[in-house]
Every structure is written in structure tokens, then in C-alpha cells.
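Chemist: Attaching a single structure in C-alpha cells format; questions to follow.
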Amino acid sequence: MKSVLDFKARKGKARISMSTAYTHWEARFLAASPVDCVLVGDSVATVVDGEPTTFAATPEIMVRHTAAVARGLGGSKLLITDFPFLAARKGIAPAVECAAALMRAGAHAVKIEGVDGHEDVFRHLVQSGVPVIGHLGLTPQSVNAFGGYKVQGKTDAAAADLLRQARSIEAAGAFGLVLECVPSEVARTITEALSIPVIGIGAGQHTDGQVLVFHDLLGLNPGFNTKFVRQFADGNKTVGDGLAAFAAAVADGSFPSKKESY
């Protein structure tokens, strides 16, 4: 999948797989994989830098990581980058500057959390030639407003409001929607109501695709255990075993060998 047109064409035909990436080496793994598309998430702040929230991911940080991932992908995958905290809330002109910087760094599209209060930003970016994907449900940039990382849309009123926002995002011209941590049936209703693909994370089985953090799906995030993550590899054990074997080989003098020496 190399373009937003490929992405949109998958609606109702084939499920979409998406993984985050933050660095060049992760991107090289993904470039060689069948994973459909890649997200440079503002979760780089929490996953890579150890911050408690995504707020620390500035436009400059997102530009740097986008460029690194773009080099690693080499144009092989659709690359989407998160708009960082409040970047869509400063008005149209600053949002355009942020989008321009991310696109120059190699992003093919941007992802924006929420829609109420900045629907004009969605519309202006789309009309300016910047593909935009929305993000609703548990939007991490609003974690303080939510009172923590909690499932959203659990009441009828909350579910109806999510559907309203989803339709607003579609009407603004977005090519897709990420739906995070909402009940499965709410996700099903929204997915069926929209003509654009809906990518779930903690949103059940009925969306058009799924996204997970690279480190989570490969078991590289020790101690992190949440209901919606499945570990498809035991990366923590593999890395731990490799480091232990290296230390042992150094200690017993078997590394480097004569063959590994100049």
C-alpha cells in the first residue's frame, strides 16, 4: 500500500494492517514485511523517550522521526505522521506550517486527534492537498480531560457523540479514521456508517483494520500489558537472551574469535 487511494480502496474488501515506527531500523523491518502502512506516532514520547504522556512530542521531534522512518521505508509503504499536542488548535496557518514540515520530511499524510473546534483545520489541510486521517475514542492528547486512559463511548449518549464526530471527520474530507478503546459494537456502528476505512486499536473485531505499536506487537515493551495488545513475538526474551549470550562470550573469552579479528 503506497497511497491514500490504495488505503481508501480497501474499505469492505480487505483488512488493513498498520504498525507504528519511530526509527530508521524499525522502518527497515516494516519495509520488508507485508504490513500495509506505517504510523509515526506521537507515542514516540512514551515508547522511546519514557515520557508519561505524548505531550512531549513537539513538531520538531515528529519531523525528525518522520524523516528517519521515511528513509527506512524508501517509499515502500504509506506513511502517516501524528500531529503533535495542540498543533491543530493554534489556527489554520500554524497547522499548515506543521503539515508542510511533516510532508517535507517524508509523510504522505497526517493524523489529527479529535475534530470539535478544529474542523476548519481538517478542511483546509485536505483542500490544500494534505491527506488527513482522523482519530477518535481514547485520544491520548486528551488524557487529562478524560481523567486517565479509559474506554470511551460506553454510554448511549457518548456512543452517539462519537458517531457524530466520525461523520464530521468524514465530511471534512478525511480519508480514514483511527478509533481507539471503544466498545466493539460502537466501533461496528461507526465502521458501517462511514464510507472511509476505520482502523481500530482496542476497538474490537469489526473495524476495517488494526494498528498496534511496533514494540508492543513484538513483545519489546516489558511490563506493558493491556487487554487490546497481542504479542506476536517474544522480542523481550530474544533480546534478553542475546545480551546474556554476548556478555557470557566476552567473559569467557570466546568473543571475538580468531575469525572475528583483523
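As shown in the C-alpha cells, the chain order sets the letters A, B, ...; within each chain, residues go from 1, and ligands are also counted from 1 in the order they appear.
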Residues of segment 75-132 of chain A that have any atom at most 7 Å from an atom of segment 16-40 of chain A: could you tabulate them with the shortest-distance atom pair and the distance in Å to one decimal, using only C-alpha atoms, ordered by chain and increasing number, as JSON lines?

Modeler:
{"residue": "A:Ser76", "atom": "CA", "partner": "A:Ala31", "partner_atom": "CA", "distance": 6.1}
{"residue": "A:Lys77", "atom": "CA", "partner": "A:Cys37", "partner_atom": "CA", "distance": 5.3}
{"residue": "A:Leu78", "atom": "CA", "partner": "A:Cys37", "partner_atom": "CA", "distance": 4.9}
{"residue": "A:Leu79", "atom": "CA", "partner": "A:Val38", "partner_atom": "CA", "distance": 5.0}
{"residue": "A:Ile80", "atom": "CA", "partner": "A:Leu39", "partner_atom": "CA", "distance": 4.8}
{"residue": "A:Thr81", "atom": "CA", "partner": "A:Val40", "partner_atom": "CA", "distance": 4.7}
{"residue": "A:Asp82", "atom": "CA", "partner": "A:Val40", "partner_atom": "CA", "distance": 6.3}

Chemist: Using only C-alpha atoms, tabulate the residues of segment 58-148 of chain A lying at most 12 Å from any atom of segment 174-181 of chain A, each with its closest atom pair and that distance in Å to one decimal, by chain and increasing residue number, as a Markdown table.

Modeler:
| residue | atom | partner | partner_atom | distance |
| --- | --- | --- | --- | --- |
| A:Ile80 | CA | A:Gly176 | CA | 11.2 |
| A:Asp82 | CA | A:Val178 | CA | 11.4 |
| A:His108 | CA | A:Phe175 | CA | 12.0 |
| A:Ala109 | CA | A:Phe175 | CA | 9.4 |
| A:Val110 | CA | A:Ala174 | CA | 9.9 |
| A:Lys111 | CA | A:Val178 | CA | 8.6 |
| A:Ile112 | CA | A:Leu177 | CA | 9.4 |
| A:Glu113 | CA | A:Val178 | CA | 8.9 |
| A:Gly114 | CA | A:Val178 | CA | 10.3 |
| A:Val115 | CA | A:Ala174 | CA | 10.8 |
| A:Glu119 | CA | A:Ala174 | CA | 10.5 |
| A:Val121 | CA | A:Ala174 | CA | 11.1 |
| A:Phe122 | CA | A:Ala174 | CA | 7.3 |
| A:Arg123 | CA | A:Ala174 | CA | 8.3 |
| A:His124 | CA | A:Ala174 | CA | 11.0 |
| A:Leu125 | CA | A:Ala174 | CA | 9.6 |
| A:Val126 | CA | A:Ala174 | CA | 7.2 |
| A:Gln127 | CA | A:Ala174 | CA | 10.4 |
| A:Gly129 | CA | A:Ala174 | CA | 11.3 |
| A:Val130 | CA | A:Ala174 | CA | 9.7 |
| A:Pro131 | CA | A:Phe175 | CA | 6.8 |
| A:Val132 | CA | A:Ala174 | CA | 5.0 |
| A:Ile133 | CA | A:Gly176 | CA | 4.8 |
| A:Gly134 | CA | A:Leu177 | CA | 4.5 |
| A:His135 | CA | A:Val178 | CA | 4.5 |
| A:Leu136 | CA | A:Leu179 | CA | 5.1 |
| A:Gly137 | CA | A:Glu180 | CA | 5.0 |
| A:Leu138 | CA | A:Glu180 | CA | 5.2 |
| A:Thr139 | CA | A:Glu180 | CA | 7.1 |
| A:Pro140 | CA | A:Glu180 | CA | 9.3 |

Chemist: Could you save the residues just selected, with C-alpha atoms, as a short mmCIF file (atom, residue, chain, number, x, y, z; two decimals), in the first residue's frame?

Modeler:
data_model
loop_
_atom_site.label_atom_id
_atom_site.label_comp_id
_atom_site.auth_asym_id
_atom_site.auth_seq_id
_atom_site.Cartn_x
_atom_site.Cartn_y
_atom_site.Cartn_z
CA ILE A 80 1.28 8.73 8.18
CA ASP A 82 0.74 12.29 14.02
CA HIS A 108 2.29 11.03 2.89
CA ALA A 109 -0.50 12.01 5.28
CA VAL A 110 -1.11 13.34 8.79
CA LYS A 111 -3.28 12.12 11.65
CA ILE A 112 -5.21 14.56 13.84
CA GLU A 113 -6.93 13.73 17.13
CA GLY A 114 -10.48 14.94 17.70
CA VAL A 115 -12.49 17.26 15.46
CA GLU A 119 -12.89 21.00 11.83
CA VAL A 121 -8.18 22.77 10.05
CA PHE A 122 -9.23 19.38 8.66
CA ARG A 123 -10.99 21.02 5.73
CA HIS A 124 -8.22 23.48 4.97
CA LEU A 125 -5.49 20.86 5.01
CA VAL A 126 -7.48 18.50 2.80
CA GLN A 127 -8.29 21.29 0.39
CA GLY A 129 -3.62 18.72 -0.79
CA VAL A 130 -2.66 17.24 2.57
CA PRO A 131 -4.33 13.86 3.18
CA VAL A 132 -5.71 13.67 6.73
CA ILE A 133 -6.81 10.73 8.84
CA GLY A 134 -8.85 11.34 12.00
CA HIS A 135 -8.55 9.80 15.46
CA LEU A 136 -11.43 9.41 17.94
CA GLY A 137 -12.22 7.50 21.12
CA LEU A 138 -9.38 7.42 23.62
CA THR A 139 -7.29 10.22 22.14
CA PRO A 140 -4.11 10.27 24.25
#

Chemist: List every residue of segment 112-198 of chain A that DSSP, applied to the backbone of this structure, places in strand (DSSP E or B), and write the result as JSON, numbers by chain.

Modeler: {"A": [112, 113, 132, 133, 134, 135, 136, 137, 176, 177, 178, 179, 180, 198]}

Chemist: For the residues in the current selection, export C-alpha atoms as a PDB file, in the first residue's frame.

Modeler:
ATOM      1  CA  ILE A 112      -5.210  14.559  13.837  1.00  0.00           C
ATOM      2  CA  GLU A 113      -6.928  13.731  17.133  1.00  0.00           C
ATOM      3  CA  VAL A 132      -5.706  13.674   6.731  1.00  0.00           C
ATOM      4  CA  ILE A 133      -6.815  10.729   8.842  1.00  0.00           C
ATOM      5  CA  GLY A 134      -8.853  11.338  11.997  1.00  0.00           C
ATOM      6  CA  HIS A 135      -8.555   9.799  15.463  1.00  0.00           C
ATOM      7  CA  LEU A 136     -11.425   9.411  17.944  1.00  0.00           C
ATOM      8  CA  GLY A 137     -12.218   7.498  21.120  1.00  0.00           C
ATOM      9  CA  GLY A 176      -9.749   7.356   7.163  1.00  0.00           C
ATOM     10  CA  LEU A 177     -10.323   7.187  10.913  1.00  0.00           C
ATOM     11  CA  VAL A 178      -8.494   5.602  13.822  1.00  0.00           C
ATOM     12  CA  LEU A 179     -10.830   4.508  16.594  1.00  0.00           C
ATOM     13  CA  GLU A 180      -9.178   3.769  19.946  1.00  0.00           C
ATOM     14  CA  VAL A 198     -11.842   2.706  10.155  1.00  0.00           C
TER      15      VAL A 198
END

Chemist: As a ChimeraX atom specification, list the residues of segment 11-252 of chain A assigned to helix (DSSP H, G or I) by DSSP on the backbone atoms of this structure.

Modeler: /A:24-31,44-47,54-56,59-73,92-105,119-127,140-146,156-171,184-193,214-217,235-252

Chemist: Work out how far apart atom CA of Asp234 of chain A and atom CA of Gly41 of chain A are and give it in Å to one decimal.

Modeler: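 A separation of 22.4 Å between them.
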
Chemist: Atom CA of Ala70 of chain A and atom CA of Val143 of chain A, how far apart in Å?

Modeler: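 Here the two named atoms are 28.8 Å from each other.
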
Chemist: In Å, with one decimal, what is the gap from atom CA of Asp6 of chain A to atom CA of Val44 of chain A?

Modeler: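 Here the two named atoms are 26.2 Å from each other.
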
Chemist: Hey, what's within 12 Å of Phe232 of chain A if we count only C-alpha atoms and toss same-chain stuff fewer than 4 positions away? As a list in words, please?

Modeler: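 So, after excluding close chain neighbours, the residues are Leu212, Val213, Phe214, His215, Asp216, Leu217, Leu218, Gly219, Leu220 and Asn236 of chain A.
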
Chemist: Let's have the selection written as a PDB file, in the first residue's frame, with C-alpha atoms.

Modeler:
ATOM      1  CA  LEU A 212      -0.545  -1.592  17.101  1.00  0.00           C
ATOM      2  CA  VAL A 213       2.675  -0.122  18.443  1.00  0.00           C
ATOM      3  CA  PHE A 214       5.712  -1.872  16.915  1.00  0.00           C
ATOM      4  CA  HIS A 215       7.269  -2.576  20.318  1.00  0.00           C
ATOM      5  CA  ASP A 216       4.021  -3.926  21.767  1.00  0.00           C
ATOM      6  CA  LEU A 217       3.193  -6.368  18.974  1.00  0.00           C
ATOM      7  CA  LEU A 218       6.748  -7.741  19.005  1.00  0.00           C
ATOM      8  CA  GLY A 219       6.903  -8.115  22.791  1.00  0.00           C
ATOM      9  CA  LEU A 220       9.606  -5.465  23.128  1.00  0.00           C
ATOM     10  CA  ASN A 236      11.874  -9.251  25.127  1.00  0.00           C
TER      11      ASN A 236
END
